[in-house]
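What's in work_0.txt: compact mmCIF, C-alpha atoms and all ligand atoms
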```txt
# COMPACT_ATOMS: atom_id res chain seq x y z
CA MET A 1 -11.64 -22.24 -23.73
CA MET A 2 -9.36 -23.51 -21.04
CA GLN A 3 -10.85 -26.10 -18.70
CA LEU A 4 -10.99 -24.92 -15.08
CA SER A 5 -10.07 -27.94 -13.03
CA SER A 6 -8.14 -28.51 -9.84
CA GLU A 7 -5.61 -30.48 -11.86
CA ASN A 8 -4.50 -27.80 -14.32
CA MET A 9 -4.65 -25.07 -11.66
CA ASP A 10 -2.33 -26.86 -9.25
CA ILE A 11 0.54 -24.85 -7.83
CA ALA A 12 3.64 -26.49 -9.31
CA ASN A 13 6.39 -24.14 -8.16
CA ILE A 14 6.98 -21.07 -5.96
CA ASP A 15 10.16 -19.03 -6.48
CA THR A 16 11.23 -16.04 -4.41
CA VAL A 17 13.92 -13.44 -4.98
CA ILE A 18 14.95 -10.37 -2.98
CA VAL A 19 15.48 -7.25 -5.08
CA ASP A 20 16.97 -3.91 -4.00
CA VAL A 21 15.82 -1.01 -6.19
CA PRO A 22 17.31 2.49 -5.71
CA THR A 23 14.89 5.44 -5.39
CA PHE A 24 15.22 8.83 -7.14
CA ARG A 25 15.35 10.82 -3.93
CA THR A 26 15.65 10.14 -0.22
CA HIS A 27 12.22 9.49 1.30
CA LYS A 28 12.16 10.41 4.99
CA LEU A 29 9.78 9.06 7.58
CA ALA A 30 9.62 9.87 11.25
CA ASN A 31 12.08 7.17 12.27
CA PHE A 32 14.05 6.26 9.14
CA LYS A 33 15.16 7.23 5.63
CA ILE A 34 14.69 5.29 2.40
CA GLN A 35 17.16 5.47 -0.47
CA CYS A 36 16.50 2.01 -1.80
CA ARG A 37 13.37 -0.13 -1.83
CA SER A 38 13.68 -3.83 -1.14
CA TYR A 39 11.03 -6.34 -2.14
CA VAL A 40 10.54 -10.07 -2.31
CA ILE A 41 9.27 -10.94 -5.79
CA ILE A 42 7.25 -14.16 -5.83
CA LYS A 43 6.85 -16.17 -9.02
CA ILE A 44 4.25 -18.95 -9.00
CA THR A 45 4.01 -21.50 -11.79
CA LEU A 46 0.86 -23.60 -12.21
CA SER A 47 0.82 -27.12 -13.57
CA ASN A 48 -0.82 -25.77 -16.75
CA GLY A 49 2.23 -23.54 -17.29
CA ALA A 50 0.58 -20.24 -16.31
CA ILE A 51 2.91 -17.93 -14.37
CA GLY A 52 1.92 -15.29 -11.84
CA HIS A 53 3.93 -12.66 -9.97
CA GLY A 54 3.42 -11.05 -6.61
CA GLU A 55 5.42 -8.70 -4.42
CA ALA A 56 5.96 -8.57 -0.70
CA SER A 57 6.86 -5.08 0.44
CA ILE A 58 8.02 -3.70 3.75
CA LEU A 59 9.51 -0.34 4.69
CA GLY A 60 13.11 -0.17 5.83
CA GLY A 61 13.52 -3.57 7.52
CA PRO A 62 11.48 -4.72 10.52
CA LEU A 63 10.58 -1.17 11.60
CA TRP A 64 7.20 -0.30 10.12
CA ALA A 65 6.04 -3.83 10.95
CA GLU A 66 7.84 -6.93 12.19
CA GLU A 67 8.72 -8.36 8.77
CA SER A 68 11.87 -7.81 6.69
CA VAL A 69 12.59 -8.98 3.15
CA GLU A 70 14.96 -11.58 4.60
CA SER A 71 12.29 -12.95 6.95
CA ILE A 72 9.63 -12.81 4.21
CA LYS A 73 11.74 -14.89 1.83
CA SER A 74 12.43 -17.47 4.56
CA VAL A 75 8.80 -17.67 5.66
CA ILE A 76 7.61 -18.23 2.09
CA ASP A 77 10.35 -20.71 1.15
CA VAL A 78 10.31 -22.76 4.35
CA TYR A 79 6.72 -22.51 5.65
CA LEU A 80 4.21 -21.22 3.06
CA ALA A 81 5.42 -22.91 -0.13
CA PRO A 82 5.31 -26.46 1.31
CA VAL A 83 1.63 -26.18 2.32
CA LEU A 84 0.64 -24.63 -1.02
CA LEU A 85 2.45 -26.84 -3.51
CA GLY A 86 -0.01 -29.20 -5.25
CA GLN A 87 -3.04 -27.15 -4.10
CA CYS A 88 -5.51 -25.62 -6.55
CA ALA A 89 -4.40 -21.99 -6.97
CA ALA A 90 -7.95 -20.84 -7.78
CA ASN A 91 -9.17 -21.80 -4.30
CA PHE A 92 -7.91 -18.48 -2.94
CA GLU A 93 -9.63 -18.72 0.43
CA ASN A 94 -8.37 -22.24 0.99
CA CYS A 95 -4.82 -21.17 0.11
CA ALA A 96 -5.15 -18.29 2.59
CA LEU A 97 -6.30 -20.71 5.30
CA LEU A 98 -3.38 -23.03 4.56
CA MET A 99 -0.95 -20.10 4.85
CA LYS A 100 -2.63 -19.08 8.13
CA SER A 101 -2.16 -22.63 9.44
CA ALA A 102 1.55 -22.46 8.61
CA ALA A 103 2.40 -18.95 9.86
CA THR A 104 0.82 -16.40 12.18
CA ARG A 105 0.66 -12.77 10.93
CA ASN A 106 3.51 -12.40 8.35
CA TYR A 107 1.00 -10.37 6.35
CA SER A 108 3.39 -9.05 3.73
CA ALA A 109 4.61 -12.56 2.85
CA LYS A 110 1.04 -13.89 2.60
CA ALA A 111 -0.19 -10.90 0.58
CA GLY A 112 2.68 -11.32 -1.90
CA VAL A 113 1.85 -14.99 -2.38
CA GLU A 114 -1.88 -14.32 -2.76
CA SER A 115 -1.12 -11.59 -5.33
CA ALA A 116 0.87 -14.13 -7.37
CA LEU A 117 -2.03 -16.64 -7.14
CA PHE A 118 -4.51 -14.05 -8.46
CA ASP A 119 -2.08 -13.20 -11.27
CA ALA A 120 -1.44 -16.83 -12.25
CA VAL A 121 -5.10 -17.88 -12.19
CA GLY A 122 -6.13 -14.74 -14.07
CA LYS A 123 -3.52 -15.43 -16.73
CA ALA A 124 -4.59 -19.08 -17.02
CA LEU A 125 -8.22 -18.03 -17.58
CA SER A 126 -7.47 -14.81 -19.56
CA MET A 127 -9.39 -12.84 -16.95
CA PRO A 128 -8.36 -9.76 -14.95
CA ALA A 129 -7.82 -10.43 -11.22
CA THR A 130 -10.49 -7.81 -10.45
CA MET A 131 -13.08 -10.32 -11.75
CA PHE A 132 -12.27 -12.51 -8.73
CA LEU A 133 -12.90 -9.52 -6.46
CA GLY A 134 -16.33 -8.55 -7.72
CA GLY A 135 -15.34 -6.78 -10.93
CA VAL A 136 -14.43 -3.21 -11.80
CA VAL A 137 -16.21 -0.22 -10.27
CA ARG A 138 -13.63 2.39 -11.42
CA ARG A 139 -10.90 2.22 -14.07
CA SER A 140 -8.88 5.14 -12.73
CA ILE A 141 -8.37 6.58 -9.25
CA PRO A 142 -7.30 10.08 -8.09
CA ILE A 143 -3.66 9.79 -7.04
CA ILE A 144 -1.79 11.36 -4.13
CA TRP A 145 1.94 12.16 -4.11
CA VAL A 146 4.00 12.11 -0.94
CA LEU A 147 6.45 14.92 -0.14
CA ALA A 148 9.06 13.50 2.22
CA SER A 149 12.47 15.09 1.77
CA GLY A 150 12.02 17.49 4.71
CA ASP A 151 13.39 20.40 2.61
CA ALA A 152 10.49 22.79 1.91
CA ASP A 153 12.08 24.39 -1.18
CA GLN A 154 12.77 21.00 -2.75
CA GLU A 155 9.26 19.83 -1.86
CA ILE A 156 7.64 22.94 -3.40
CA GLU A 157 9.61 22.40 -6.61
CA GLU A 158 8.68 18.69 -6.65
CA ALA A 159 4.98 19.41 -6.07
CA LYS A 160 4.88 22.13 -8.76
CA LYS A 161 6.48 19.72 -11.22
CA LYS A 162 3.87 17.05 -10.46
CA ILE A 163 1.06 19.60 -11.00
CA ALA A 164 2.62 20.85 -14.28
CA LEU A 165 2.90 17.26 -15.55
CA LYS A 166 -0.77 16.73 -14.56
CA GLN A 167 0.36 13.69 -12.55
CA MET A 168 -0.75 14.70 -9.04
CA ASN A 169 -2.38 17.71 -7.37
CA VAL A 170 -3.08 16.20 -3.94
CA PHE A 171 -0.08 15.90 -1.64
CA LYS A 172 0.72 14.08 1.58
CA ILE A 173 3.40 15.71 3.68
CA LYS A 174 5.43 13.61 6.08
CA PHE A 175 5.81 15.09 9.57
CA GLY A 176 7.73 13.87 12.56
CA PHE A 177 11.38 14.11 11.58
CA MET A 178 11.57 17.69 12.85
CA LYS A 179 10.14 19.48 15.88
CA PRO A 180 6.38 20.17 15.49
CA GLU A 181 6.99 23.93 15.13
CA GLU A 182 9.50 23.28 12.34
CA ASP A 183 7.19 20.83 10.58
CA VAL A 184 4.30 23.32 10.78
CA ALA A 185 6.52 26.16 9.47
CA ARG A 186 7.60 23.90 6.59
CA LEU A 187 3.97 23.03 5.86
CA ARG A 188 2.94 26.72 5.95
CA LYS A 189 5.69 27.56 3.45
CA ILE A 190 4.69 24.70 1.11
CA MET A 191 0.98 25.53 1.25
CA ALA A 192 1.63 29.23 0.56
CA ALA A 193 3.67 28.34 -2.54
CA LEU A 194 1.15 25.91 -4.07
CA PRO A 195 -2.06 26.94 -5.88
CA ALA A 196 -4.85 27.98 -3.49
CA GLY A 197 -7.06 25.05 -2.58
CA THR A 198 -4.40 22.39 -3.14
CA LYS A 199 -5.49 19.41 -1.03
CA ILE A 200 -2.92 18.53 1.64
CA ILE A 201 -2.80 15.51 3.95
CA VAL A 202 -0.34 15.47 6.85
CA ASP A 203 1.15 12.16 8.03
CA VAL A 204 2.62 12.30 11.53
CA ASN A 205 3.62 8.60 11.50
CA GLN A 206 2.72 8.05 15.21
CA VAL A 207 5.30 10.39 16.72
CA TRP A 208 3.17 12.97 18.52
CA SER A 209 1.95 12.61 22.08
CA GLU A 210 -1.64 13.54 22.95
CA ALA A 211 -0.36 16.81 24.46
CA THR A 212 1.58 17.66 21.28
CA ALA A 213 -1.49 16.90 19.18
CA ILE A 214 -3.68 19.13 21.39
CA LYS A 215 -1.16 21.93 20.90
CA TRP A 216 -0.54 21.62 17.14
CA MET A 217 -3.76 20.28 15.58
CA PRO A 218 -5.42 23.74 15.65
CA ALA A 219 -2.59 25.09 13.44
CA LEU A 220 -3.26 22.33 10.90
CA THR A 221 -6.99 23.14 10.98
CA GLU A 222 -6.27 26.84 10.50
CA LEU A 223 -4.04 26.06 7.50
CA GLY A 224 -6.87 24.06 5.91
CA VAL A 225 -5.20 20.63 5.99
CA SER A 226 -7.67 18.07 4.57
CA MET A 227 -6.75 15.12 6.82
CA VAL A 228 -4.16 14.09 9.44
CA GLU A 229 -2.77 10.55 9.39
CA GLN A 230 -1.93 8.61 12.54
CA PRO A 231 -0.80 11.51 14.76
CA LEU A 232 -0.50 9.28 17.85
CA PRO A 233 1.06 5.84 18.35
CA ALA A 234 -0.94 2.86 17.13
CA SER A 235 -1.04 1.58 20.72
CA GLN A 236 -3.05 4.59 21.98
CA PRO A 237 -6.51 4.34 20.38
CA GLU A 238 -8.34 5.94 23.32
CA ALA A 239 -6.05 8.99 23.27
CA LEU A 240 -6.46 9.26 19.49
CA ALA A 241 -10.24 9.07 19.89
CA ARG A 242 -10.05 12.04 22.30
CA ILE A 243 -8.04 13.99 19.70
CA ALA A 244 -10.49 13.07 16.94
CA LYS A 245 -13.36 14.48 19.05
CA ARG A 246 -11.50 17.78 19.65
CA VAL A 247 -10.60 18.67 16.08
CA ASP A 248 -12.58 19.59 12.97
CA ILE A 249 -10.35 17.57 10.71
CA PRO A 250 -10.65 13.94 9.58
CA ILE A 251 -8.15 11.50 11.12
CA LEU A 252 -6.69 8.77 8.91
CA VAL A 253 -5.99 5.55 10.81
CA ASP A 254 -3.06 3.60 9.42
CA GLU A 255 -0.82 1.67 11.83
CA GLY A 256 -3.59 1.81 14.47
CA ALA A 257 -5.91 -0.69 12.77
CA THR A 258 -4.65 -3.83 11.05
CA THR A 259 -7.00 -6.74 11.81
CA LEU A 260 -10.73 -6.72 11.16
CA GLN A 261 -11.27 -6.59 14.93
CA GLU A 262 -8.99 -3.53 15.28
CA ILE A 263 -10.81 -1.80 12.43
CA GLN A 264 -14.16 -2.50 14.08
CA GLN A 265 -12.83 -1.19 17.41
CA SER A 266 -11.38 1.93 15.72
CA GLY A 267 -14.73 2.71 14.17
CA ALA A 268 -16.62 2.08 17.40
CA LEU A 269 -14.19 4.18 19.48
CA GLY A 270 -14.25 7.06 16.99
CA VAL A 271 -10.47 6.88 16.60
CA GLY A 272 -10.56 7.86 12.98
CA THR A 273 -12.95 8.84 10.27
CA VAL A 274 -10.91 7.25 7.48
CA LEU A 275 -9.05 3.92 7.20
CA SER A 276 -5.85 3.43 5.20
CA LEU A 277 -5.94 0.10 3.33
CA LYS A 278 -2.70 -1.78 2.63
CA LEU A 279 -1.92 -5.36 1.69
CA VAL A 280 0.81 -5.41 4.34
CA LYS A 281 -1.91 -4.80 6.94
CA SER A 282 -4.46 -7.30 5.61
CA GLY A 283 -2.25 -10.14 4.37
CA GLY A 284 -4.18 -10.64 1.15
CA LEU A 285 -6.47 -9.15 -1.47
CA LEU A 286 -9.63 -10.83 -0.18
CA GLU A 287 -8.93 -9.83 3.41
CA MET A 288 -8.24 -6.23 2.32
CA LYS A 289 -11.65 -6.16 0.66
CA ARG A 290 -13.17 -7.44 3.92
CA ALA A 291 -11.24 -4.73 5.82
CA ALA A 292 -12.90 -2.14 3.58
CA GLY A 293 -16.30 -3.65 4.35
CA VAL A 294 -15.75 -3.59 8.11
CA ALA A 295 -14.53 0.03 7.96
CA THR A 296 -17.54 1.09 5.91
CA ALA A 297 -19.90 -0.74 8.27
CA ASN A 298 -18.37 1.25 11.15
CA GLY A 299 -18.84 4.60 9.42
CA MET A 300 -15.28 5.08 8.18
CA GLU A 301 -14.30 6.34 4.73
CA LEU A 302 -11.52 4.63 2.75
CA TYR A 303 -8.05 5.67 1.63
CA GLY A 304 -5.99 3.53 -0.76
CA GLY A 305 -2.68 3.31 1.06
CA CYS A 306 0.70 2.24 -0.25
CA LEU A 307 4.05 1.07 1.07
CA ILE A 308 6.01 2.38 -1.94
CA GLU A 309 5.47 -0.79 -3.96
CA SER A 310 6.85 -1.39 -7.44
CA GLY A 311 4.33 -1.81 -10.25
CA ILE A 312 3.82 -5.45 -9.21
CA GLY A 313 2.63 -4.62 -5.71
CA ALA A 314 0.81 -1.52 -6.95
CA ALA A 315 -1.17 -3.65 -9.43
CA ALA A 316 -2.33 -6.00 -6.65
CA HIS A 317 -3.54 -3.02 -4.59
CA LEU A 318 -5.23 -1.43 -7.62
CA ALA A 319 -7.06 -4.70 -8.38
CA VAL A 320 -8.77 -4.34 -5.00
CA TYR A 321 -9.14 -0.54 -5.05
CA SER A 322 -10.79 -0.63 -8.48
CA SER A 323 -13.38 -3.11 -7.17
CA LEU A 324 -14.44 -1.27 -3.98
CA PRO A 325 -17.96 0.17 -3.87
CA ALA A 326 -16.47 3.39 -2.42
CA LEU A 327 -12.95 4.81 -2.21
CA GLU A 328 -13.57 8.35 -1.02
CA TRP A 329 -9.94 9.52 -0.69
CA GLY A 330 -8.31 8.02 -3.78
CA THR A 331 -4.95 6.29 -3.53
CA GLU A 332 -1.28 7.06 -2.97
CA GLN A 333 -0.05 4.16 -5.12
CA PHE A 334 2.83 6.26 -6.47
CA GLY A 335 5.67 3.78 -5.80
CA PRO A 336 6.51 3.06 -9.46
CA LEU A 337 7.30 6.77 -9.97
CA ILE A 338 9.90 6.98 -7.19
CA LEU A 339 11.95 3.96 -8.29
CA GLU A 340 15.01 4.31 -10.51
CA ASN A 341 13.40 1.64 -12.72
CA ASP A 342 10.03 -0.01 -12.17
CA LEU A 343 9.79 -3.81 -12.09
CA ILE A 344 7.04 -3.77 -14.74
CA SER A 345 7.36 -2.55 -18.31
CA SER A 346 3.65 -1.84 -18.82
CA GLY A 347 0.25 -1.99 -17.14
CA ILE A 348 0.01 1.12 -14.94
CA ASP A 349 -0.17 4.71 -16.20
CA TYR A 350 -0.45 8.08 -14.48
CA GLU A 351 -2.37 10.83 -16.28
CA ASN A 352 -4.75 13.69 -15.53
CA PHE A 353 -4.06 13.42 -11.79
CA GLU A 354 -5.21 9.80 -11.74
CA VAL A 355 -3.65 6.35 -11.82
CA ILE A 356 -5.06 4.25 -14.62
CA CYS A 357 -5.69 0.72 -13.32
CA PRO A 358 -4.40 -2.31 -15.24
CA THR A 359 -6.93 -4.07 -17.46
CA GLY A 360 -5.11 -7.18 -18.78
CA SER A 361 -5.24 -10.78 -17.57
CA GLY A 362 -4.26 -11.49 -13.98
CA LEU A 363 -2.78 -8.35 -12.42
CA GLY A 364 -2.58 -6.87 -15.94
CA ILE A 365 1.11 -6.04 -15.89
CA THR A 366 4.17 -7.00 -17.94
CA ILE A 367 7.08 -8.01 -15.73
CA ALA A 368 10.46 -6.36 -16.41
CA GLU A 369 12.47 -9.58 -16.05
CA ASP A 370 15.77 -7.78 -16.79
CA TYR A 371 15.37 -5.34 -13.93
CA ILE A 372 14.37 -8.10 -11.51
CA ARG A 373 17.54 -9.95 -12.48
CA ASP A 374 19.74 -6.81 -12.33
CA TYR A 375 18.40 -5.72 -8.92
CA SER A 376 18.34 -9.18 -7.36
CA ARG A 377 20.40 -9.47 -4.19
CA LYS A 378 23.40 -11.66 -4.78
CA GLY A 379 23.95 -14.53 -2.39
CA TYR A 380 20.22 -14.92 -1.62
MG MG B 401 1.12 5.88 7.20
```

Rewrite the structure from the file as structure tokens, please.
Amino acid sequence: MMQLSSENMDIANIDTVIVDVPTFRTHKLANFKIQCRSYVIIKITLSNGAIGHGEASILGGPLWAEESVESIKSVIDVYLAPVLLGQCAANFENCALLMKSAATRNYSAKAGVESALFDAVGKALSMPATMFLGGVVRRSIPIIWVLASGDADQEIEEAKKKIALKQMNVFKIKFGFMKPEEDVARLRKIMAALPAGTKIIVDVNQVWSEATAIKWMPALTELGVSMVEQPLPASQPEALARIAKRVDIPILVDEGATTLQEIQQSGALGVGTVLSLKLVKSGGLLEMKRAAGVATANGMELYGGCLIESGIGAAAHLAVYSSLPALEWGTEQFGPLILENDLISSGIDYENFEVICPTGSGLGITIAEDYIRDYSRKGY
């Protein structure tokens, strides 16, 4: 049995590398397209030799949030690594406080580092990272697939394929890159082509105004959409609360609530009935678990969000999601399936419309070192 001491758990080294991984198809969001996913992969070595990996993910440069892979790598190398080196990796809260003292926000960078700490300590102790989060409540989670090409015929074919493979039968449809009437017509066509009762979530990605939402929400209700994500800008919680009161459809709050205080305010205002959890919003696994607690305390249900992570980032999210007392809406941690090649060779499986959570030590994944090397950005 390995001795748990601050000496052998010291953080000896922190390496970062930017990788650019092509995706199978173009993924469109309201304000940009994705054909390649970029991540910062963090490798932490402890003084006892244990190695842990984490991933910092962001969508399309500093657009979804203020971070980019280039800024994340710099923040970790120049500001976070110096305060962490020599510290006991198992003191997760203390490491989080040290990172907070060195950098404000920069949630994706901090979450990637904390993921690597959980992985390294778990590997050193031969324990799954979920054990540090309260243990496992569920070993598999219903999984949601996102349709985001904007071409209804392609999306119908893609959805039917996912159902036939028994991978996913709940779909999120991205809105906002066409006029509302075109998006609704596309949605109507997709829903008519899929088996009756197929659960559909619509993600407007903040692009509607209150007036547009008043006009088009009834059509989504009439079509039987299960939930609408962030129809209004994150900066307009009062307007979103008015919309939430008008419609008989749950509202999923994503960009609108990041900090614990914003989540509390969202719940109190009645902005949304469901909160989307993401490491990029919380800045760490422990803080994401606290975010879930605050949401639940304010009457919100939980949705396991994703930012199209590779298997490394997905595993960190799943460690938290598998430990939550409730996760009413399942998860959209589908990232590994949209990449040309995943950055793990084992640990996460998709079957029977669920994602099977990793069970091994640390994050429970095997790193695909070759792909990380092949996809690494030269000159960084
Ligand atoms: Mg979203």

Residues near region 227-229 of chain A, anyone? I mean within 8 Å using all atoms listed in the file, not counting same-chain ones fewer than 3 positions away, as a PyMOL selection string.
chain A and resi 200-205+249-254

Grab me every residue within 12 Å of ligand MG 401 (chain B), counting only C-alpha atoms and all ligand atoms, and send it over as a VMD selection string.
chain A and resid 29 to 30 59 64 to 65 146 172 to 176 201 to 207 228 to 234 251 to 258 275 to 278 280 to 281 303 to 308 332

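Shortest separation to Ala315 (chain A) among A:Pro218, A:Pro62, A:Gly283, A:Pro336 occurs at residue A:Pro336, atoms counted being only C-alpha atoms.
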
Residue neighbourhood Ile76 (chain A), 12 Å, all atoms listed in the file, exclusion window fewer than 2 positions, as a ChimeraX atom specification:
/A:13-18,40-44,55-56,67,69-74,78-85,99-100,102-103,106-114

In Å, with one decimal, what is the gap from CA of His27 (chain A) to CA of Arg188 (chain A)?
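For CA of His27 (chain A) relative to CA of Arg188 (chain A), the distance reads 20.1 Å.
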
Suppose you want the space between CA of Asp370 (chain A) and CA of Val19 (chain A); what is it in Å?
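CA of Asp370 (chain A) sits 11.7 Å away from CA of Val19 (chain A).
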
With only C-alpha atoms as the counted atoms, please give the residues lying no more than 12 Å from Lys245 (chain A), apart from itself and same-chain residues fewer than 5 positions off, as number ranges by chain.
A: 214, 217, 238-240, 250-251, 269-273

Could you tell me how far CA of Phe353 (chain A) lies from CA of Ile163 (chain A), in Å and to one decimal?
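Between CA of Phe353 (chain A) and CA of Ile163 (chain A) the gap is 8.1 Å.
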
Ala116 (chain A) environment, 6 Å, only C-alpha atoms, sequence neighbours closer than 5 positions dropped, as number ranges by chain
A: 52-54

I'd like the neighbourhood of Thr198 (chain A) as a list in words, where a residue qualifies if any of its atoms comes within 9 Å (using all atoms listed in the file), though same-chain residues fewer than 3 positions away should be ignored.
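Close residues of Thr198 (chain A): Asn169, Val170, Phe171, Met191, Leu194 and Pro195 of chain A.
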
Using N, CA and C atoms, give me region 225-251 of chain A from the structure I just pasted, as a PDB file, in the first residue's frame.
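Okay, result18.pdb is ready:
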```pdb
ATOM      1  N   VAL A 225     -41.091  20.222 -28.269  1.00  0.00           N
ATOM      2  CA  VAL A 225     -39.669  20.300 -27.875  1.00  0.00           C
ATOM      3  C   VAL A 225     -39.573  20.132 -26.349  1.00  0.00           C
ATOM      4  N   SER A 226     -38.586  19.343 -25.890  1.00  0.00           N
ATOM      5  CA  SER A 226     -38.487  19.012 -24.464  1.00  0.00           C
ATOM      6  C   SER A 226     -37.904  20.152 -23.627  1.00  0.00           C
ATOM      7  N   MET A 227     -36.998  20.929 -24.249  1.00  0.00           N
ATOM      8  CA  MET A 227     -36.315  21.986 -23.475  1.00  0.00           C
ATOM      9  C   MET A 227     -35.673  22.957 -24.466  1.00  0.00           C
ATOM     10  N   VAL A 228     -35.561  24.235 -24.089  1.00  0.00           N
ATOM     11  CA  VAL A 228     -34.892  25.231 -24.927  1.00  0.00           C
ATOM     12  C   VAL A 228     -33.718  25.812 -24.148  1.00  0.00           C
ATOM     13  N   GLU A 229     -32.542  25.769 -24.780  1.00  0.00           N
ATOM     14  CA  GLU A 229     -31.323  26.236 -24.109  1.00  0.00           C
ATOM     15  C   GLU A 229     -31.019  27.684 -24.479  1.00  0.00           C
ATOM     16  N   GLN A 230     -30.760  28.466 -23.468  1.00  0.00           N
ATOM     17  CA  GLN A 230     -30.253  29.843 -23.567  1.00  0.00           C
ATOM     18  C   GLN A 230     -30.774  30.599 -24.794  1.00  0.00           C
ATOM     19  N   PRO A 231     -32.109  30.832 -24.854  1.00  0.00           N
ATOM     20  CA  PRO A 231     -32.636  31.547 -26.020  1.00  0.00           C
ATOM     21  C   PRO A 231     -32.169  33.009 -26.083  1.00  0.00           C
ATOM     22  N   LEU A 232     -31.980  33.626 -24.927  1.00  0.00           N
ATOM     23  CA  LEU A 232     -31.601  35.050 -24.881  1.00  0.00           C
ATOM     24  C   LEU A 232     -30.149  35.199 -24.425  1.00  0.00           C
ATOM     25  N   PRO A 233     -29.564  36.380 -24.670  1.00  0.00           N
ATOM     26  CA  PRO A 233     -28.182  36.597 -24.235  1.00  0.00           C
ATOM     27  C   PRO A 233     -28.007  36.388 -22.730  1.00  0.00           C
ATOM     28  N   ALA A 234     -26.805  35.935 -22.374  1.00  0.00           N
ATOM     29  CA  ALA A 234     -26.478  35.679 -20.967  1.00  0.00           C
ATOM     30  C   ALA A 234     -26.671  36.922 -20.119  1.00  0.00           C
ATOM     31  N   SER A 235     -26.498  38.098 -20.745  1.00  0.00           N
ATOM     32  CA  SER A 235     -26.563  39.364 -20.000  1.00  0.00           C
ATOM     33  C   SER A 235     -27.988  39.833 -19.719  1.00  0.00           C
ATOM     34  N   GLN A 236     -29.006  39.038 -20.139  1.00  0.00           N
ATOM     35  CA  GLN A 236     -30.394  39.501 -19.958  1.00  0.00           C
ATOM     36  C   GLN A 236     -31.219  38.534 -19.103  1.00  0.00           C
ATOM     37  N   PRO A 237     -30.797  38.317 -17.845  1.00  0.00           N
ATOM     38  CA  PRO A 237     -31.530  37.342 -17.024  1.00  0.00           C
ATOM     39  C   PRO A 237     -32.980  37.731 -16.741  1.00  0.00           C
ATOM     40  N   GLU A 238     -33.245  39.030 -16.577  1.00  0.00           N
ATOM     41  CA  GLU A 238     -34.634  39.429 -16.269  1.00  0.00           C
ATOM     42  C   GLU A 238     -35.543  39.130 -17.462  1.00  0.00           C
ATOM     43  N   ALA A 239     -35.055  39.433 -18.666  1.00  0.00           N
ATOM     44  CA  ALA A 239     -35.858  39.171 -19.869  1.00  0.00           C
ATOM     45  C   ALA A 239     -36.083  37.662 -20.025  1.00  0.00           C
ATOM     46  N   LEU A 240     -35.038  36.880 -19.730  1.00  0.00           N
ATOM     47  CA  LEU A 240     -35.180  35.420 -19.854  1.00  0.00           C
ATOM     48  C   LEU A 240     -36.174  34.889 -18.812  1.00  0.00           C
ATOM     49  N   ALA A 241     -36.159  35.499 -17.631  1.00  0.00           N
ATOM     50  CA  ALA A 241     -37.123  35.083 -16.597  1.00  0.00           C
ATOM     51  C   ALA A 241     -38.557  35.359 -17.064  1.00  0.00           C
ATOM     52  N   ARG A 242     -38.757  36.480 -17.780  1.00  0.00           N
ATOM     53  CA  ARG A 242     -40.111  36.773 -18.301  1.00  0.00           C
ATOM     54  C   ARG A 242     -40.520  35.713 -19.320  1.00  0.00           C
ATOM     55  N   ILE A 243     -39.563  35.310 -20.179  1.00  0.00           N
ATOM     56  CA  ILE A 243     -39.860  34.273 -21.174  1.00  0.00           C
ATOM     57  C   ILE A 243     -40.190  32.947 -20.477  1.00  0.00           C
ATOM     58  N   ALA A 244     -39.380  32.623 -19.467  1.00  0.00           N
ATOM     59  CA  ALA A 244     -39.588  31.350 -18.761  1.00  0.00           C
ATOM     60  C   ALA A 244     -40.994  31.286 -18.147  1.00  0.00           C
ATOM     61  N   LYS A 245     -41.496  32.446 -17.691  1.00  0.00           N
ATOM     62  CA  LYS A 245     -42.834  32.478 -17.074  1.00  0.00           C
ATOM     63  C   LYS A 245     -43.941  32.332 -18.118  1.00  0.00           C
ATOM     64  N   ARG A 246     -43.662  32.737 -19.375  1.00  0.00           N
ATOM     65  CA  ARG A 246     -44.682  32.703 -20.428  1.00  0.00           C
ATOM     66  C   ARG A 246     -44.890  31.327 -21.030  1.00  0.00           C
ATOM     67  N   VAL A 247     -43.821  30.507 -21.036  1.00  0.00           N
ATOM     68  CA  VAL A 247     -43.883  29.278 -21.837  1.00  0.00           C
ATOM     69  C   VAL A 247     -43.968  28.017 -20.973  1.00  0.00           C
ATOM     70  N   ASP A 248     -44.608  26.993 -21.555  1.00  0.00           N
ATOM     71  CA  ASP A 248     -44.740  25.709 -20.854  1.00  0.00           C
ATOM     72  C   ASP A 248     -43.619  24.769 -21.305  1.00  0.00           C
ATOM     73  N   ILE A 249     -42.406  25.250 -21.203  1.00  0.00           N
ATOM     74  CA  ILE A 249     -41.291  24.443 -21.673  1.00  0.00           C
ATOM     75  C   ILE A 249     -40.075  24.786 -20.802  1.00  0.00           C
ATOM     76  N   PRO A 250     -39.361  23.783 -20.308  1.00  0.00           N
ATOM     77  CA  PRO A 250     -38.210  24.091 -19.456  1.00  0.00           C
ATOM     78  C   PRO A 250     -37.137  24.877 -20.216  1.00  0.00           C
ATOM     79  N   ILE A 251     -36.498  25.802 -19.512  1.00  0.00           N
ATOM     80  CA  ILE A 251     -35.409  26.600 -20.095  1.00  0.00           C
ATOM     81  C   ILE A 251     -34.099  26.121 -19.476  1.00  0.00           C
TER      82      ILE A 251
END
```
